[in-house]
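Asker: My questions will all concern the structure given below.
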Amino acid sequence: MLIRLENDHFHTVDDRFTAVGDDEALPDSDAVILSLARFEAEGTALLAAGRDVGVRVGPADRVEALVDVLPQLALVALDFPKYRDGRAYSTAVLLRDRYGFGGEVRAVGDVLVDQAWNMVRCGFDAFETTVGPNAWAAAARRYRHVYQASADNRAPAFAERATKARDPAARVG
Amino acid sequence: MSEQLKVLTANDLAGGQVVFRTETGWSDRYADALIYDDALSADAALESARAATLTLADPYLIDVAAVEGLPVPTSYRERIRALGPTIHPDMGPQAEGGVLVHALQQARGAARSSGRLGLIRRK
Amino acid sequence: MFHYDAIDAAMVADRNAEFRDQVQRRLSGELSEEQFKPLRLMNGLYLQLHSYMLRVAIPYGALSSAKMRALAHVARRWDKGYGHFTTRQNIQFHWIKLSDTPDVLDYLTTAELHAIQTSGNCIRNTTSDPFAGAAAEEVDDPRVWSEVIRQWSTFHPEFTYLPRKFKIAVTASPQDRTAARAHDIGLVLRRNREGRLGFEVIVGGGMGRTPYIGATIREHLPAEHLLSYLTAILRVYNRFGRRDNLYKARIKILVASLGAAEFARQADAEWEAMDRPKVDLPDLELARIRASFGLVPFRTLPPRSERFEAARSDPAFARFARNNIVAHKVSGYGIVQVSLKGIGEVPGDCSADQMDALADLAEQYGHGEIRVTHEQNLVLPHVPLDDAPALHAGLVAVGLATPNINLVSDMIACPGLDYCALANARAIPIAQAIGQTFADPARAEAIGELKIKISGCINACGHHHVGHIGILGVDKKGEEFYQLTLGGSGAEDAAIGHVLGPALGADKVADAIDTLVEAYMAIRQPGERFLDTYRRTGVGPFKAAVYPDAHQA
């Protein structure tokens, strides 16, 4: 199942992308997701042909390699080979905050619902998961407050407190 | 030479206490443990314990050896685990006393710790 | 004493609701053990040798009397009537049930306590100076900065699944009581020549199987940039720290393999590229945190307390005063250290009754404040010297007046194989035997400062690498053996100890320590601690004393 986060709303969508393995033939369907290695070999041609291209970035891949083509990419899929491998969170933050990527950032692989809030906060907006959108949304919204700034630009606790200090009538907590 | 004797152990999932496979189920008392004397049935019991994921955590087999006719775990780690902390004889299964508890408390040395593979992951 | 506001309380409540749900999903089979384990660890719950163990955080080691009473209640209601204070200023309960844990955590919130991130591959509880707010020489209150780090690191979305655990220490005194150089990041607060507050940033220290003393990568980071710089370090580590080998996953290995200069270059580059104003803490919030710690209502007292001086005629009090009470920044006050190393007792253990008594004594004589030290002792940081005799009497009544701070029997020991699923050997019985060997308090005082640290396995929770004498338990062909190291230090003169010789059997360890001490006493020069003598002479005389036959082989 693919869940998308759009305008603060989690909902199930049909996946129009086809994930293509490195040894598989390219399908005729318009939108494909390639590994970073295959993209580096074939991506320019596909983009020139007007195809929608996404790139699957593994945890050891350096997302810096994509910086120049990011504006042309439809999505970046960040792979969690194990859910305990947290490298993709830093990659997502860099894509959003450092490189200003506005396309889809998709979590693929071992995606556990208990990590929904980590992913959303780090800038993911699409999730390949087995749980439904309601359960996913509940887990993503588990915490009413956050302590630190991240790619989701939620106001951290210190900003909420500052607002309250300016306007004591404002409710906190 | 006869086969290595084994006992099947685990922790109770909800309570955390050490448990041992008996003839009919699981017990907190090492004295109740079923002694396996053939590898095939021990391995089969381990497989079925691994499937009991709703009640057990981390089942594994330990080596035991007869000491004066009593089955005693060969590693000091497993003896401490069957008894309770050695610094608090009033705590854990050892508090109940008895011949077998005494035998475990007196046992020394023996083989290298068994059942310790993958423990860092177990933590 | 810092108090949570409504946001802090909501954060903990949301976390407890999340964990209650996760426990329920585990018990119903929705989560496998493999999926559940990292989640329960991040809530402080381990599966140990005999039972689950719950590790409760004590941020910057600071407890109020109310918090201490809550810990006593947990010990009585859900455990076996005691708790164990750890080398990371936490407390562990050894006999907790998984099915009780959500209730325990909910109860702890009534005293503003939690177990968040006390384990797991995330940023752990920040270590701080137990003398904070009481030590004369500190340049700022390190608790303020520890609280800044607590908030920033709590549920940090990017740094919850690091390659390995991550420990930060903050100190603001020249005397390091936090083992800052043995942490993943050690932060030493200083003022520069212009009087600006900043941090010496030390990275890549740690113990375990490959011990390192951390390297300084910034001499003076402006204090206001602490969070952005920490973010830069953590991001480099999260991306490039090793994940293929558990024993090579700590930041110390990354720093050592890149070299400190290259690591610093990468951290600086990340920091330069970052949107720093977004991440750094605004001055307003820093001021709020500072104010939330409040002021201790110290009285104006003469520097000399007649009652205190008169009580010194009691030799027991005089000994306690010499060893356990140190100078306070406020005239007429003292910092009273409470040893959890009674002779023959379990280092760091404290019964529920003792916790309650300490809560009362702290309220009566110490402004209701109690601190936990990384050396597994407790501190009443603000005691009027006039009240020290009465406090001492109260401590005697509950068996907590052992006058041995920094002496040979003030040992660190991990729980070892008596409790720990990872241990190779027991640590506590070794500590008990050494304690008995040096039970004579006059002899212990004559020996002077001597820090013995005992670990039951190479993970080094007992800090053996930085003990003046370190003791490491090993499994040698199915028997418990112990390897001795000499010359380590976890203080400002941090050093890793060197192995003395072949491991010894359990029954030989206390005698060997006695031999080492006698060798030191025979060759020490005036004013030398054991460590100083070792540094002057090297290992030779000590090795010859413990292994007299070695040179003949």
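Ordered as shown in the structure tokens, chains take letters A, B, and onward, while each chain numbers its residues from 1 and ligands are numbered from 1 in the order shown.
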With a cut-off of 6 Å and counting only C-alpha atoms, select all residues of chain C in contact with chain A and give the selection as a JSON list (two decimals) with C-alpha atoms, in the first residue's frame.

Answerer:
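Written output follows (result18.json):
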```
[["chain", "number", "residue", "atom", "x", "y", "z"],
["C", 6, "ALA", "CA", 2.65, 21.60, 30.26],
["C", 7, "ILE", "CA", 4.52, 20.88, 27.04],
["C", 14, "ASP", "CA", 2.31, 10.96, 24.63],
["C", 151, "GLN", "CA", 14.94, 18.81, 25.05],
["C", 152, "TRP", "CA", 16.78, 18.90, 21.74],
["C", 157, "PRO", "CA", 13.36, 12.55, 14.49],
["C", 158, "GLU", "CA", 16.65, 12.34, 12.62],
["C", 161, "TYR", "CA", 18.07, 5.25, 14.91],
["C", 162, "LEU", "CA", 21.79, 5.95, 15.12],
["C", 238, "ASN", "CA", 24.43, 9.12, 11.54],
["C", 239, "ARG", "CA", 25.40, 9.09, 7.88],
["C", 279, "VAL", "CA", 18.25, 24.80, 14.88],
["C", 285, "GLU", "CA", 14.23, 29.90, 25.80]]
```

Asker: For stretch 33-48 of chain A, list every protein, DNA or RNA residue within 10 Å, evaluated using only C-alpha atoms, and leave out those in the same chain fewer than 6 positions away; present the list as an MDAnalysis selection string.

Answerer: chainID A and resid 17:23 26 54:58 61:63 65:66 69 72:77

Asker: Check every residue of chain C for an atom within 8 Å of chain B, counting only C-alpha atoms, and provide those that qualify as a PyMOL selection string.

Answerer: chain C and resi 26-29+32-33+46-52+96-99+417-419+421-422+424+428-429+475-479

Asker: If you count only C-alpha atoms, which residues fall within 7 Å of B:Pro73, apart from same-chain ones fewer than 6 positions away, as a count of residues only?

Answerer: 5

Asker: Determine which residues of stretch 11-121 of chain A receive a DSSP assignment of strand (DSSP E), computed from the backbone, and state them as a count of residues only.

Answerer: 29

Asker: Pick out each residue of stretch 82-182 of chain C that DSSP on the backbone tags as alpha helix (DSSP H); I need them as a ChimeraX atom specification.

Answerer: /C:101-109,142-153

Asker: Taking into account only C-alpha atoms, which residue in the set A:His11, A:Arg96, A:Lys164, A:Arg16 is nearest to A:Ser29?

Answerer: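 Smallest distance to A:Ser29 is found for A:Arg16.
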
Asker: Please list as an MDAnalysis selection string every residue within 12 Å of C:Ala136, counting only C-alpha atoms and excluding residues in the same chain fewer than 5 positions away.

Answerer: chainID C and resid 131 141 172:175 326:331 333:335 381

Asker: What separation in Å, quoted to one decimal, exists between atom CA of C:Glu194 and atom CA of C:Glu219?

Answerer: 14.3 Å
